[in-house]
Amino acid sequence: MSPKGMVELSPSWSGMLTRLLRGAGGPSRVSPLLRTRPLSMSANYEEEPPRILITGSLGQLGTGLAKLLRGKYGVENVIMSDIVKPSKEVVQSGPYVFADILDFKCLQEIVVTYRIDWLVHFSALLSAIGEQNVPLAIRVNIEGLHNVMELSKQYNLRVFVHGELLGEYYHNKFGLDFRCLRFPGVISSDSQPGGGTTDYAVQIFHDAIEGREHECYLRPNTRLPMMYIDDCLRSLWEMLIAPDDLLKRRTYNVTAMSFTPEEIVEAVRRHFPDLPVTYRPDSRQNIADTWPEVFDDSEARADWGWRHDYDLEAMVDIMFQNLRRQHQMAETR
C-alpha cells in the first residue's frame with residue numbers, strides 16, 4: 001500500500017514514517033505553554049458501560065490497563081487481545097481473543113461479535129526494537145494502524161492510538177473520536193525490561209534485587225522523562241473519559257518526572273548501597289540523544305486536570321515493594 005493511498009498529510013511522509021516506526025516509544029518536543037489554571041473533569045458515565053477492546057494487550061501496558069478498566073466497567077466488558085498464547089492467569093482474569101491487527105476481517109469480526117465501543121490500540125514495535133526490523137515495523141506500525149483507524153471509522157468507535165498524525169487526519173476528515181497520549185519512559189514491576197531505550201530504568205531494580213551488577217547502556221548524565229505505570233494507566237483512562245468540550249486538541253503529552261541514570265542509581269542505592277554500576281553506552285544512546293530531557297505536559301494539566309502521583313523517590317519505593325513481594329511469592333511456590 002503506498003503512503004499516498006493511506007493518507008495525505010503534512011508534515012512530510014518521511015517525518016510521519018519515522019514517528020510511526022518508533023510507535024509510542026519516544027517522546028516528542030513541544031513548545032512551552034502559558035496556561036496555568038487547571039480545569040475540573042468529571043467522568044461522563046452512560047447507563048450501559050462501554051465495551052472495550054485492547055490490542056497488543058500482553059505488552060507492558062495492556063494487562064494493567066485491562067485490570068483497571070475491568071474494575072471500573074466490569075470484567076466481561078473489557079476484551080484483551082494479542083497474537084501471543086496467553087498465560088493461565090490472563091485467561092482466568094477475563095475475556096481474551098486472538099487478534100492480528102494486519103488482518104482487517106479478524107478485527108472486524110471481534111468488533112461486531114463483542115459489540116465494541118472503545119478500541120485501545122497498543123500493538124506496535126517501539127523505538128530500538130522497531131529499528132532492528134524496519135520492514136516488520138512498517139507493517140505493524142503503519143499497516144496495522146491503518147486497519148485500526150479504518151475499523152474505528154466504519155463502526156464509529158472511540159479510539160486511543162499511538163499514531164497521532166494519522167489520528168488527527170481521521171478526526172479532522174471524518175470526525176473520528178480519536179485520542180492520543182505521548183508517554184515518556186514507563187516504569188513497571190509487572191513486566192520484564194524488553195531492551196528499549198528507557199528500559200535501563202526497569203532493569204536496575206531487577207539487578208539490585210538479584211544481586212547483579214547493573215550495566216547501563218546510556219551515559220550517566222542522559223536525562224529523560226519518565227513515569228510510573230500507575231500514573232500512565234490512570235492518565236490513559238482519564239483521557240478516554242474526558243468530555244469533548246475539555247479537549248482542545250486530540251494529542252497530549254503526559255509525564256511525571258525526568259532523571260538521569262546517575263540520579264536513579266543514587267535513589268536505588270538508598271535501598272541497596274553496594275549496587276555496582278558500569279556505563280557502556282550503545283546504539284540506544286543515539287536514540288536517547290534525539291529525545292527531550294523534559295516533557296511539557298502543561299496542556300493536559302490545564303485542559304483536563306492531569307496530575308501525577310509518583311515522583312522519583314515514591315516510584316523507587318513502590319518498585320522495590322512490588323519486586324520484593326514477587327520474589328517472596330516465587331520462593332514459596
# chains A, B, ... in the order shown; residues from 1 in each chain; ligands from 1

call {"tool": "closest_atom_pairs", "arguments": {"of": "region 184-301 of chain A", "to": "region 46-64 of chain A", "cutoff": "10 Å", "atoms": "only C-alpha atoms", "output": "tab-separated table"}}
result
residue	atom	partner	partner_atom	distance
A:Val186	CA	A:Gln60	CA	8.6
A:Ile187	CA	A:Gln60	CA	9.1
A:Ser188	CA	A:Gln60	CA	7.8
A:Ser189	CA	A:Gln60	CA	9.6
A:Asp190	CA	A:Gln60	CA	7.6
A:Ser191	CA	A:Gln60	CA	5.9
A:Gln192	CA	A:Gln60	CA	8.4
A:Pro193	CA	A:Gln60	CA	9.0
A:Gly194	CA	A:Gln60	CA	9.2
A:Ile229	CA	A:Leu61	CA	7.7
A:Asp230	CA	A:Gly64	CA	8.3
A:Cys232	CA	A:Leu61	CA	8.5
A:Leu233	CA	A:Gly64	CA	7.3

call {"tool": "write_last_selection", "arguments": {"atoms": "N, CA, C and O atoms", "output": "mmCIF file, in the first residue's frame"}}
result
data_model
loop_
_atom_site.group_PDB
_atom_site.id
_atom_site.type_symbol
_atom_site.label_atom_id
_atom_site.label_comp_id
_atom_site.auth_asym_id
_atom_site.auth_seq_id
_atom_site.Cartn_x
_atom_site.Cartn_y
_atom_site.Cartn_z
ATOM 1 N N VAL A 186 8.072 4.395 30.574
ATOM 2 C CA VAL A 186 7.125 3.896 31.574
ATOM 3 C C VAL A 186 7.816 2.809 32.402
ATOM 4 O O VAL A 186 8.364 1.855 31.859
ATOM 5 N N ILE A 187 7.752 2.951 33.715
ATOM 6 C CA ILE A 187 8.449 2.052 34.637
ATOM 7 C C ILE A 187 7.433 1.197 35.378
ATOM 8 O O ILE A 187 6.487 1.720 35.963
ATOM 9 N N SER A 188 7.632 -0.123 35.321
ATOM 10 C CA SER A 188 6.665 -1.048 35.910
ATOM 11 C C SER A 188 7.384 -2.266 36.463
ATOM 12 O O SER A 188 8.392 -2.715 35.909
ATOM 13 N N SER A 189 6.835 -2.827 37.530
ATOM 14 C CA SER A 189 7.359 -4.072 38.103
ATOM 15 C C SER A 189 6.643 -5.292 37.543
ATOM 16 O O SER A 189 7.020 -6.426 37.856
ATOM 17 N N ASP A 190 5.631 -5.076 36.721
ATOM 18 C CA ASP A 190 4.801 -6.185 36.238
ATOM 19 C C ASP A 190 5.308 -6.817 34.951
ATOM 20 O O ASP A 190 4.769 -7.813 34.506
ATOM 21 N N SER A 191 6.304 -6.217 34.310
ATOM 22 C CA SER A 191 6.831 -6.781 33.072
ATOM 23 C C SER A 191 8.343 -6.689 33.069
ATOM 24 O O SER A 191 8.932 -5.799 33.694
ATOM 25 N N GLN A 192 8.982 -7.615 32.367
ATOM 26 C CA GLN A 192 10.436 -7.624 32.260
ATOM 27 C C GLN A 192 10.888 -6.555 31.264
ATOM 28 O O GLN A 192 10.193 -6.283 30.278
ATOM 29 N N PRO A 193 12.037 -5.931 31.480
ATOM 30 C CA PRO A 193 12.555 -4.969 30.515
ATOM 31 C C PRO A 193 12.785 -5.636 29.171
ATOM 32 O O PRO A 193 13.271 -6.768 29.108
ATOM 33 N N GLY A 194 12.432 -4.926 28.102
ATOM 34 C CA GLY A 194 12.467 -5.532 26.773
ATOM 35 C C GLY A 194 13.533 -5.000 25.848
ATOM 36 O O GLY A 194 13.501 -5.269 24.652
ATOM 37 N N ILE A 229 3.995 3.263 36.133
ATOM 38 C CA ILE A 229 2.917 2.617 35.398
ATOM 39 C C ILE A 229 1.532 3.027 35.885
ATOM 40 O O ILE A 229 0.620 3.234 35.070
ATOM 41 N N ASP A 230 1.332 3.172 37.187
ATOM 42 C CA ASP A 230 0.005 3.531 37.698
ATOM 43 C C ASP A 230 -0.415 4.908 37.195
ATOM 44 O O ASP A 230 -1.586 5.127 36.845
ATOM 45 N N CYS A 232 0.666 6.277 34.430
ATOM 46 C CA CYS A 232 0.473 6.120 32.988
ATOM 47 C C CYS A 232 -0.929 5.602 32.667
ATOM 48 O O CYS A 232 -1.640 6.167 31.834
ATOM 49 N N LEU A 233 -1.329 4.532 33.340
ATOM 50 C CA LEU A 233 -2.628 3.926 33.066
ATOM 51 C C LEU A 233 -3.773 4.846 33.471
ATOM 52 O O LEU A 233 -4.789 4.942 32.769
#

call {"tool": "select_by_dssp", "arguments": {"residues": "region 203-291 of chain A", "states": "strand (DSSP E)", "output": "ChimeraX atom specification"}}
result
/A:214-216,224-228,251-253,257-259,277-279

call {"tool": "atom_distance", "arguments": {"atom1": "CA of Phe178 (chain A)", "atom2": "CA of Val161 (chain A)"}}
result
7.6 Å

call {"tool": "closest_residue", "arguments": {"among": "A:Thr197, A:Gln108, A:Gln92, A:Asn77", "to": "Gln154 (chain A)", "atoms": "only C-alpha atoms"}}
result
A:Gln108

call {"tool": "residues_around", "arguments": {"residues": "region 202-213 of chain A", "least_positions_apart": "4", "cutoff": "12 Å", "atoms": "only C-alpha atoms", "output": "MDAnalysis selection string"}}
result
chainID A and resid 60 185:198 217 226:229 261:279 315:328

call {"tool": "write_last_selection", "arguments": {"atoms": "C-alpha atoms", "output": "PDB file, in the first residue's frame"}}
result
ATOM      1  CA  GLN A  60       3.784  -3.608  29.176  1.00  0.00           C
ATOM      2  CA  GLY A 185       9.531   6.054  29.523  1.00  0.00           C
ATOM      3  CA  VAL A 186       7.125   3.896  31.574  1.00  0.00           C
ATOM      4  CA  ILE A 187       8.449   2.052  34.637  1.00  0.00           C
ATOM      5  CA  SER A 188       6.665  -1.048  35.910  1.00  0.00           C
ATOM      6  CA  SER A 189       7.359  -4.072  38.103  1.00  0.00           C
ATOM      7  CA  ASP A 190       4.801  -6.185  36.238  1.00  0.00           C
ATOM      8  CA  SER A 191       6.831  -6.781  33.072  1.00  0.00           C
ATOM      9  CA  GLN A 192      10.436  -7.624  32.260  1.00  0.00           C
ATOM     10  CA  PRO A 193      12.555  -4.969  30.515  1.00  0.00           C
ATOM     11  CA  GLY A 194      12.467  -5.532  26.773  1.00  0.00           C
ATOM     12  CA  GLY A 195      15.565  -3.757  25.517  1.00  0.00           C
ATOM     13  CA  GLY A 196      14.022  -0.368  24.781  1.00  0.00           C
ATOM     14  CA  THR A 197      15.850   2.908  25.210  1.00  0.00           C
ATOM     15  CA  THR A 198      14.401   3.662  28.655  1.00  0.00           C
ATOM     16  CA  TYR A 217      23.724   1.438  28.060  1.00  0.00           C
ATOM     17  CA  MET A 226       9.648   9.023  32.829  1.00  0.00           C
ATOM     18  CA  MET A 227       6.504   7.982  34.695  1.00  0.00           C
ATOM     19  CA  TYR A 228       5.369   5.116  36.897  1.00  0.00           C
ATOM     20  CA  ILE A 229       2.917   2.617  35.398  1.00  0.00           C
ATOM     21  CA  PRO A 261      20.933   7.169  35.116  1.00  0.00           C
ATOM     22  CA  GLU A 262      23.189   8.502  37.853  1.00  0.00           C
ATOM     23  CA  GLU A 263      20.185  10.010  39.665  1.00  0.00           C
ATOM     24  CA  ILE A 264      18.214   6.756  39.663  1.00  0.00           C
ATOM     25  CA  VAL A 265      21.360   4.905  40.753  1.00  0.00           C
ATOM     26  CA  GLU A 266      21.580   7.235  43.742  1.00  0.00           C
ATOM     27  CA  ALA A 267      17.898   6.619  44.575  1.00  0.00           C
ATOM     28  CA  VAL A 268      18.279   2.831  44.230  1.00  0.00           C
ATOM     29  CA  ARG A 269      21.380   2.847  46.452  1.00  0.00           C
ATOM     30  CA  ARG A 270      19.232   4.142  49.306  1.00  0.00           C
ATOM     31  CA  HIS A 271      17.889   0.576  49.348  1.00  0.00           C
ATOM     32  CA  PHE A 272      20.991  -1.265  48.041  1.00  0.00           C
ATOM     33  CA  PRO A 273      24.069   0.820  48.966  1.00  0.00           C
ATOM     34  CA  ASP A 274      26.581  -1.630  47.453  1.00  0.00           C
ATOM     35  CA  LEU A 275      24.952  -1.899  43.990  1.00  0.00           C
ATOM     36  CA  PRO A 276      27.810  -1.964  41.419  1.00  0.00           C
ATOM     37  CA  VAL A 277      27.151   0.086  38.265  1.00  0.00           C
ATOM     38  CA  THR A 278      29.044   0.460  34.994  1.00  0.00           C
ATOM     39  CA  TYR A 279      28.212   2.601  31.969  1.00  0.00           C
ATOM     40  CA  MET A 315       8.488   5.331  42.333  1.00  0.00           C
ATOM     41  CA  VAL A 316      11.665   3.678  43.644  1.00  0.00           C
ATOM     42  CA  ASP A 317       9.943   2.791  46.925  1.00  0.00           C
ATOM     43  CA  ILE A 318       6.904   1.182  45.257  1.00  0.00           C
ATOM     44  CA  MET A 319       9.056  -0.690  42.714  1.00  0.00           C
ATOM     45  CA  PHE A 320      11.068  -2.370  45.449  1.00  0.00           C
ATOM     46  CA  GLN A 321       7.944  -3.132  47.476  1.00  0.00           C
ATOM     47  CA  ASN A 322       6.381  -4.858  44.475  1.00  0.00           C
ATOM     48  CA  LEU A 323       9.513  -6.724  43.365  1.00  0.00           C
ATOM     49  CA  ARG A 324      10.272  -7.980  46.876  1.00  0.00           C
ATOM     50  CA  ARG A 325       6.721  -9.299  47.136  1.00  0.00           C
ATOM     51  CA  GLN A 326       7.042 -11.001  43.737  1.00  0.00           C
ATOM     52  CA  HIS A 327      10.314 -12.678  44.756  1.00  0.00           C
ATOM     53  CA  GLN A 328       8.823 -13.856  48.054  1.00  0.00           C
TER      54      GLN A 328
END

call {"tool": "closest_residue", "arguments": {"among": "A:Val78, A:Leu126, A:Leu107, A:Leu240", "to": "Tyr155 (chain A)", "atoms": "only C-alpha atoms"}}
result
A:Leu107

call {"tool": "atom_distance", "arguments": {"atom1": "CA of Val75 (chain A)", "atom2": "CA of Pro95 (chain A)"}}
result
7.6 Å

call {"tool": "atom_distance", "arguments": {"atom1": "CA of Arg179 (chain A)", "atom2": "CA of Glu131 (chain A)"}}
result
25.4 Å
